[in-house]
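Peer 1: Input query25.cif, format and content: mmCIF, C-alpha atoms, pLDDT in the B column; chains and numbers go by the auth columns.
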```cif
data_final
loop_
_atom_site.group_PDB
_atom_site.id
_atom_site.type_symbol
_atom_site.label_atom_id
_atom_site.label_comp_id
_atom_site.label_asym_id
_atom_site.label_seq_id
_atom_site.Cartn_x
_atom_site.Cartn_y
_atom_site.Cartn_z
_atom_site.B_iso_or_equiv
_atom_site.auth_seq_id
_atom_site.auth_asym_id
ATOM 1 C CA MET A 1 6.458 17.105 -18.891 76.00 1 A
ATOM 2 C CA LEU A 2 9.405 18.053 -21.084 77.00 2 A
ATOM 3 C CA GLY A 3 8.519 21.710 -20.891 82.00 3 A
ATOM 4 C CA GLU A 4 7.185 21.909 -24.437 89.00 4 A
ATOM 5 C CA PHE A 5 4.092 23.795 -23.336 89.00 5 A
ATOM 6 C CA ARG A 6 3.440 25.434 -26.692 92.00 6 A
ATOM 7 C CA SER A 7 3.333 22.049 -28.447 93.00 7 A
ATOM 8 C CA ALA A 8 1.095 20.651 -25.727 92.00 8 A
ATOM 9 C CA GLN A 9 -1.269 23.613 -26.016 93.00 9 A
ATOM 10 C CA THR A 10 -1.380 23.172 -29.803 95.00 10 A
ATOM 11 C CA LEU A 11 -2.375 19.540 -29.295 94.00 11 A
ATOM 12 C CA ILE A 12 -5.053 20.577 -26.799 95.00 12 A
ATOM 13 C CA ASP A 13 -6.435 23.124 -29.252 96.00 13 A
ATOM 14 C CA ILE A 14 -6.531 20.571 -32.079 97.00 14 A
ATOM 15 C CA LEU A 15 -8.201 17.907 -29.947 96.00 15 A
ATOM 16 C CA ASN A 16 -10.713 20.400 -28.606 96.00 16 A
ATOM 17 C CA ARG A 17 -11.542 21.646 -32.109 97.00 17 A
ATOM 18 C CA ASP A 18 -11.666 18.256 -33.845 97.00 18 A
ATOM 19 C CA TYR A 19 -13.475 16.291 -31.111 97.00 19 A
ATOM 20 C CA PRO A 20 -15.926 18.658 -29.410 96.00 20 A
ATOM 21 C CA LEU A 21 -18.430 15.868 -28.675 96.00 21 A
ATOM 22 C CA ASP A 22 -15.981 13.132 -27.698 91.00 22 A
ATOM 23 C CA SER A 23 -16.467 12.537 -23.968 83.00 23 A
ATOM 24 C CA LEU A 24 -13.170 10.691 -23.609 82.00 24 A
ATOM 25 C CA ILE A 25 -11.270 13.637 -25.087 87.00 25 A
ATOM 26 C CA GLN A 26 -13.285 16.441 -23.486 87.00 26 A
ATOM 27 C CA PHE A 27 -13.710 15.079 -19.974 82.00 27 A
ATOM 28 C CA TYR A 28 -10.689 12.862 -19.498 82.00 28 A
ATOM 29 C CA TRP A 29 -7.685 13.581 -21.710 85.00 29 A
ATOM 30 C CA LEU A 30 -7.966 17.352 -22.096 90.00 30 A
ATOM 31 C CA PRO A 31 -8.269 17.933 -18.331 88.00 31 A
ATOM 32 C CA ILE A 32 -5.252 15.667 -17.777 88.00 32 A
ATOM 33 C CA LEU A 33 -3.203 17.620 -20.306 91.00 33 A
ATOM 34 C CA ARG A 34 -4.257 20.958 -18.841 93.00 34 A
ATOM 35 C CA VAL A 35 -3.484 19.837 -15.289 92.00 35 A
ATOM 36 C CA ARG A 36 -0.101 18.459 -16.329 93.00 36 A
ATOM 37 C CA ILE A 37 0.841 21.773 -17.990 94.00 37 A
ATOM 38 C CA ALA A 38 -0.159 23.800 -14.917 95.00 38 A
ATOM 39 C CA PHE A 39 1.636 21.340 -12.620 94.00 39 A
ATOM 40 C CA CYS A 40 4.849 21.458 -14.658 93.00 40 A
ATOM 41 C CA LYS A 41 4.719 25.259 -14.565 94.00 41 A
ATOM 42 C CA ALA A 42 4.356 25.060 -10.743 95.00 42 A
ATOM 43 C CA GLN A 43 0.909 26.673 -11.011 96.00 43 A
ATOM 44 C CA TYR A 44 -0.426 24.402 -8.305 96.00 44 A
ATOM 45 C CA ASP A 45 -3.619 26.281 -7.479 95.00 45 A
ATOM 46 C CA GLU A 46 -4.599 26.297 -11.141 94.00 46 A
ATOM 47 C CA ALA A 47 -3.676 22.631 -11.519 94.00 47 A
ATOM 48 C CA LEU A 48 -5.775 21.730 -8.494 92.00 48 A
ATOM 49 C CA ARG A 49 -8.709 23.762 -9.792 90.00 49 A
ATOM 50 C CA LEU A 50 -8.459 21.959 -13.130 88.00 50 A
ATOM 51 C CA THR A 51 -8.582 18.519 -11.501 84.00 51 A
ATOM 52 C CA GLY A 52 -11.870 19.371 -9.849 76.00 52 A
ATOM 53 C CA GLN A 53 -12.482 18.505 -6.225 58.00 53 A
ATOM 54 C CA SER A 54 -14.490 15.467 -7.212 56.00 54 A
ATOM 55 C CA ASN A 55 -14.435 14.669 -10.884 68.00 55 A
ATOM 56 C CA PRO A 56 -16.960 12.156 -12.241 70.00 56 A
ATOM 57 C CA TYR A 57 -14.077 10.601 -14.182 69.00 57 A
ATOM 58 C CA ASP A 58 -11.765 10.085 -11.206 71.00 58 A
ATOM 59 C CA LEU A 59 -12.071 6.343 -11.633 71.00 59 A
ATOM 60 C CA GLY A 60 -11.186 6.686 -15.302 63.00 60 A
ATOM 61 C CA ILE A 61 -13.133 5.821 -18.377 63.00 61 A
ATOM 62 C CA PHE A 62 -13.291 2.130 -18.997 60.00 62 A
ATOM 63 C CA SER A 63 -11.253 1.709 -22.117 60.00 63 A
ATOM 64 C CA PRO A 64 -7.551 0.931 -22.421 56.00 64 A
ATOM 65 C CA GLY A 65 -5.221 3.500 -20.961 53.00 65 A
ATOM 66 C CA GLN A 66 -7.389 5.244 -18.371 64.00 66 A
ATOM 67 C CA CYS A 67 -5.903 4.637 -14.983 81.00 67 A
ATOM 68 C CA MET A 68 -7.218 7.155 -12.451 86.00 68 A
ATOM 69 C CA ASP A 69 -4.788 9.705 -13.831 86.00 69 A
ATOM 70 C CA LEU A 70 -6.726 12.666 -12.408 87.00 70 A
ATOM 71 C CA SER A 71 -6.631 11.226 -8.889 89.00 71 A
ATOM 72 C CA LEU A 72 -2.902 10.618 -9.201 92.00 72 A
ATOM 73 C CA LEU A 73 -2.301 14.116 -10.559 93.00 73 A
ATOM 74 C CA ARG A 74 -4.457 15.665 -7.842 93.00 74 A
ATOM 75 C CA GLY A 75 -2.351 13.848 -5.255 96.00 75 A
ATOM 76 C CA GLN A 76 0.885 15.034 -6.851 96.00 76 A
ATOM 77 C CA VAL A 77 -0.371 18.625 -6.915 96.00 77 A
ATOM 78 C CA LEU A 78 -1.504 18.471 -3.280 97.00 78 A
ATOM 79 C CA LEU A 79 1.864 17.047 -2.253 98.00 79 A
ATOM 80 C CA ALA A 80 3.673 19.827 -4.139 97.00 80 A
ATOM 81 C CA LYS A 81 1.448 22.371 -2.352 96.00 81 A
ATOM 82 C CA GLY A 82 2.497 20.945 1.018 97.00 82 A
ATOM 83 C CA GLN A 83 -0.855 19.292 1.696 97.00 83 A
ATOM 84 C CA ALA A 84 0.511 15.814 2.346 98.00 84 A
ATOM 85 C CA PRO A 85 -2.491 14.350 4.250 98.00 85 A
ATOM 86 C CA ALA A 86 -4.878 15.308 1.426 97.00 86 A
ATOM 87 C CA ALA A 87 -2.371 14.012 -1.121 97.00 87 A
ATOM 88 C CA ALA A 88 -2.176 10.693 0.732 98.00 88 A
ATOM 89 C CA GLN A 89 -5.957 10.343 0.399 96.00 89 A
ATOM 90 C CA GLN A 90 -5.691 10.675 -3.375 94.00 90 A
ATOM 91 C CA PHE A 91 -2.856 8.148 -3.604 96.00 91 A
ATOM 92 C CA ARG A 92 -4.788 5.730 -1.389 96.00 92 A
ATOM 93 C CA ALA A 93 -7.808 6.093 -3.687 91.00 93 A
ATOM 94 C CA VAL A 94 -5.725 4.878 -6.634 91.00 94 A
ATOM 95 C CA LEU A 95 -4.313 1.992 -4.595 92.00 95 A
ATOM 96 C CA ALA A 96 -7.786 1.059 -3.354 90.00 96 A
ATOM 97 C CA HIS A 97 -8.923 0.558 -6.956 85.00 97 A
ATOM 98 C CA ARG A 98 -6.115 -1.657 -8.228 80.00 98 A
ATOM 99 C CA GLY A 99 -8.725 -3.886 -9.831 78.00 99 A
ATOM 100 C CA LEU A 100 -9.671 -1.001 -12.098 77.00 100 A
ATOM 101 C CA VAL A 101 -6.232 0.329 -12.906 78.00 101 A
ATOM 102 C CA LEU A 102 -4.697 -3.140 -13.309 76.00 102 A
ATOM 103 C CA ASN A 103 -1.082 -2.724 -14.416 78.00 103 A
ATOM 104 C CA CYS A 104 -1.205 1.004 -15.142 83.00 104 A
ATOM 105 C CA PRO A 105 1.823 2.951 -13.959 88.00 105 A
ATOM 106 C CA THR A 106 -0.461 5.029 -11.758 89.00 106 A
ATOM 107 C CA VAL A 107 -0.377 2.224 -9.167 90.00 107 A
ATOM 108 C CA ALA A 108 3.396 2.409 -8.749 92.00 108 A
ATOM 109 C CA LEU A 109 3.362 6.209 -8.907 95.00 109 A
ATOM 110 C CA ALA A 110 0.589 6.363 -6.295 96.00 110 A
ATOM 111 C CA ARG A 111 2.614 4.115 -4.009 96.00 111 A
ATOM 112 C CA LEU A 112 5.633 6.400 -4.464 97.00 112 A
ATOM 113 C CA GLY A 113 3.450 9.448 -3.800 98.00 113 A
ATOM 114 C CA LEU A 114 2.148 7.813 -0.646 98.00 114 A
ATOM 115 C CA ALA A 115 5.696 7.130 0.576 98.00 115 A
ATOM 116 C CA ARG A 116 6.523 10.788 -0.036 98.00 116 A
ATOM 117 C CA ALA A 117 3.372 11.929 1.763 98.00 117 A
ATOM 118 C CA PHE A 118 4.279 9.757 4.754 98.00 118 A
ATOM 119 C CA THR A 119 7.747 11.319 4.778 98.00 119 A
ATOM 120 C CA ALA A 120 6.285 14.825 4.610 98.00 120 A
ATOM 121 C CA THR A 121 4.034 14.147 7.599 97.00 121 A
ATOM 122 C CA GLY A 122 6.808 12.567 9.668 96.00 122 A
ATOM 123 C CA GLN A 123 5.441 9.023 9.434 97.00 123 A
ATOM 124 C CA VAL A 124 8.883 7.570 8.855 97.00 124 A
ATOM 125 C CA ALA A 125 8.023 3.930 9.633 97.00 125 A
ATOM 126 C CA ASP A 126 5.100 4.014 7.186 98.00 126 A
ATOM 127 C CA SER A 127 7.261 5.754 4.603 98.00 127 A
ATOM 128 C CA ARG A 128 10.043 3.204 4.998 98.00 128 A
ATOM 129 C CA SER A 129 7.584 0.307 4.649 97.00 129 A
ATOM 130 C CA THR A 130 5.976 1.851 1.559 98.00 130 A
ATOM 131 C CA TYR A 131 9.360 2.416 -0.098 98.00 131 A
ATOM 132 C CA GLN A 132 10.236 -1.226 0.628 97.00 132 A
ATOM 133 C CA ASP A 133 6.990 -2.265 -1.101 95.00 133 A
ATOM 134 C CA ILE A 134 7.983 -0.150 -4.095 95.00 134 A
ATOM 135 C CA PHE A 135 11.408 -1.761 -4.279 96.00 135 A
ATOM 136 C CA ALA A 136 9.837 -5.228 -4.104 95.00 136 A
ATOM 137 C CA LEU A 137 7.508 -4.258 -6.934 91.00 137 A
ATOM 138 C CA TRP A 138 10.404 -2.849 -8.970 93.00 138 A
ATOM 139 C CA LYS A 139 12.887 -5.614 -8.143 94.00 139 A
ATOM 140 C CA ASN A 140 13.399 -6.411 -11.846 95.00 140 A
ATOM 141 C CA ALA A 141 13.438 -2.793 -13.000 93.00 141 A
ATOM 142 C CA ASP A 142 16.409 -1.355 -14.849 94.00 142 A
ATOM 143 C CA ALA A 143 18.802 -0.238 -12.093 91.00 143 A
ATOM 144 C CA GLY A 144 19.467 2.998 -13.982 93.00 144 A
ATOM 145 C CA LEU A 145 15.806 4.005 -14.147 93.00 145 A
ATOM 146 C CA PRO A 146 15.796 7.642 -12.933 94.00 146 A
ATOM 147 C CA LEU A 147 12.594 7.283 -10.918 94.00 147 A
ATOM 148 C CA LEU A 148 13.934 4.176 -9.168 96.00 148 A
ATOM 149 C CA ARG A 149 17.212 5.900 -8.386 96.00 149 A
ATOM 150 C CA GLN A 150 15.339 8.917 -7.033 96.00 150 A
ATOM 151 C CA ALA A 151 13.156 6.683 -4.844 97.00 151 A
ATOM 152 C CA GLN A 152 16.244 4.868 -3.540 97.00 152 A
ATOM 153 C CA ALA A 153 17.881 8.189 -2.661 97.00 153 A
ATOM 154 C CA GLU A 154 14.743 9.339 -0.867 98.00 154 A
ATOM 155 C CA TYR A 155 14.655 6.059 1.061 98.00 155 A
ATOM 156 C CA ARG A 156 18.301 6.360 2.065 97.00 156 A
ATOM 157 C CA SER A 157 17.703 9.897 3.318 97.00 157 A
ATOM 158 C CA LEU A 158 14.937 8.850 5.721 96.00 158 A
ATOM 159 C CA PRO A 159 15.827 9.370 9.376 90.00 159 A
ATOM 160 C CA HIS A 160 16.713 6.205 11.242 82.00 160 A
#
```
Take the structure in this file and express it as structure tokens.
Peer 2:
Amino acid sequence: MLGEFRSAQTLIDILNRDYPLDSLIQFYWLPILRVRIAFCKAQYDEALRLTGQSNPYDLGIFSPGQCMDLSLLRGQVLLAKGQAPAAAQQFRAVLAHRGLVLNCPTVALARLGLARAFTATGQVADSRSTYQDIFALWKNADAGLPLLRQAQAEYRSLPH
């Protein structure tokens, strides 16, 4: 996400070489890393292809740290491609499985993605309500948090 694609690719190569039979690495983390690289390079078609249309690991792998990351990423890619209704479906899938993702950041990021998808489709009232839910969730967050400040700016820019 910092644009250090060469370092990320080196890590992918090492993980792929050292853990060829590790399902968690091969079918969860490596796809996430590959999708993230393509997404950050604005290679949205490639990123979407890498997420798979329906990945057997969309719900995560039940060990600490797996939080429906592929579904969230797929939603972010679809939103970046201008496919807001399809993106909203992915974000809703994460939110519908809060019992699985527990306190993973994907829940908050999916809610933010959903607010953005509502905005993109002209559903201003739904967008406004979703942003308000985010702000209630983040009421104790550091006021200088860049993502919070960005969300607040997006909220303020909604038509009245």
Peer 1: Kindly indicate which residue among A:Ala8, A:Leu112, A:Ala42, A:Ile25 lies nearest to Asp133 (chain A), using all atoms listed in the file for the distances.
Peer 2: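 Once distances to Asp133 (chain A) are computed over all atoms listed in the file, the minimum belongs to A:Leu112.
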Peer 1: As an exercise, work out the distance from CA of Arg92 (chain A) to CA of Val107 (chain A) in Å and give it to one decimal place.
Peer 2: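 Rounded to one decimal, the two atoms are 9.6 Å apart.
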Peer 1: One decimal, in Å: what's the spacing between CA of Asp142 (chain A) and CA of Met1 (chain A)?
Peer 2: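 Here the two named atoms are 21.4 Å from each other.
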Peer 1: At what distance in Å, to one decimal, does CA of Arg128 (chain A) lie from CA of Ala80 (chain A)?
Peer 2: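 We find that CA of Ala80 (chain A) and CA of Arg128 (chain A) lie 20.0 Å from each other.
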Peer 1: Just so the selection is clear, what residues does the PyMOL selection byres ((chain A and resi 77) around 8) cover here, as a CSV table (one decimal) with C-alpha atoms, in the frame of the given file?
Peer 2:
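New file result26.csv:
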```csv
chain,number,residue,atom,x,y,z
A,39,PHE,CA,1.6,21.3,-12.6
A,44,TYR,CA,-0.4,24.4,-8.3
A,47,ALA,CA,-3.7,22.6,-11.5
A,48,LEU,CA,-5.8,21.7,-8.5
A,73,LEU,CA,-2.3,14.1,-10.6
A,74,ARG,CA,-4.5,15.7,-7.8
A,75,GLY,CA,-2.4,13.8,-5.3
A,76,GLN,CA,0.9,15.0,-6.9
A,78,LEU,CA,-1.5,18.5,-3.3
A,79,LEU,CA,1.9,17.0,-2.3
A,80,ALA,CA,3.7,19.8,-4.1
A,81,LYS,CA,1.4,22.4,-2.4
A,87,ALA,CA,-2.4,14.0,-1.1
```
Peer 1: Using all atoms listed in the file, what residues lie at most 7 Å away from (4.0, 19.4, 4.5) (file coordinates), given as an MDAnalysis selection string?
Peer 2: chainID A and resid 82:84 120:121
Peer 1: Report as a short mmCIF file (atom, residue, chain, number, x, y, z; two decimals) with C-alpha atoms, in the frame of the given file all protein, DNA and RNA residues lying within 12 Å of Ile134 (chain A), evaluated on all atoms listed in the file, omitting residues in the same chain fewer than 3 positions from it.
Peer 2:
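The new file out38.cif reads:
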```
data_model
loop_
_atom_site.label_atom_id
_atom_site.label_comp_id
_atom_site.auth_asym_id
_atom_site.auth_seq_id
_atom_site.Cartn_x
_atom_site.Cartn_y
_atom_site.Cartn_z
CA VAL A 107 -0.38 2.22 -9.17
CA ALA A 108 3.40 2.41 -8.75
CA LEU A 109 3.36 6.21 -8.91
CA ALA A 110 0.59 6.36 -6.30
CA ARG A 111 2.61 4.12 -4.01
CA LEU A 112 5.63 6.40 -4.46
CA GLY A 113 3.45 9.45 -3.80
CA LEU A 114 2.15 7.81 -0.65
CA ALA A 115 5.70 7.13 0.58
CA ARG A 116 6.52 10.79 -0.04
CA SER A 127 7.26 5.75 4.60
CA ARG A 128 10.04 3.20 5.00
CA SER A 129 7.58 0.31 4.65
CA THR A 130 5.98 1.85 1.56
CA TYR A 131 9.36 2.42 -0.10
CA LEU A 137 7.51 -4.26 -6.93
CA TRP A 138 10.40 -2.85 -8.97
CA LYS A 139 12.89 -5.61 -8.14
CA ASN A 140 13.40 -6.41 -11.85
CA ALA A 141 13.44 -2.79 -13.00
CA LEU A 147 12.59 7.28 -10.92
CA LEU A 148 13.93 4.18 -9.17
CA ARG A 149 17.21 5.90 -8.39
CA ALA A 151 13.16 6.68 -4.84
CA GLN A 152 16.24 4.87 -3.54
CA TYR A 155 14.66 6.06 1.06
#
```
Peer 1: For Pro105 (chain A), which residue out of A:Ala136, A:Ala86, A:Ala153, A:Cys67 is the nearest one, using all atoms listed in the file?
Peer 2: A:Cys67
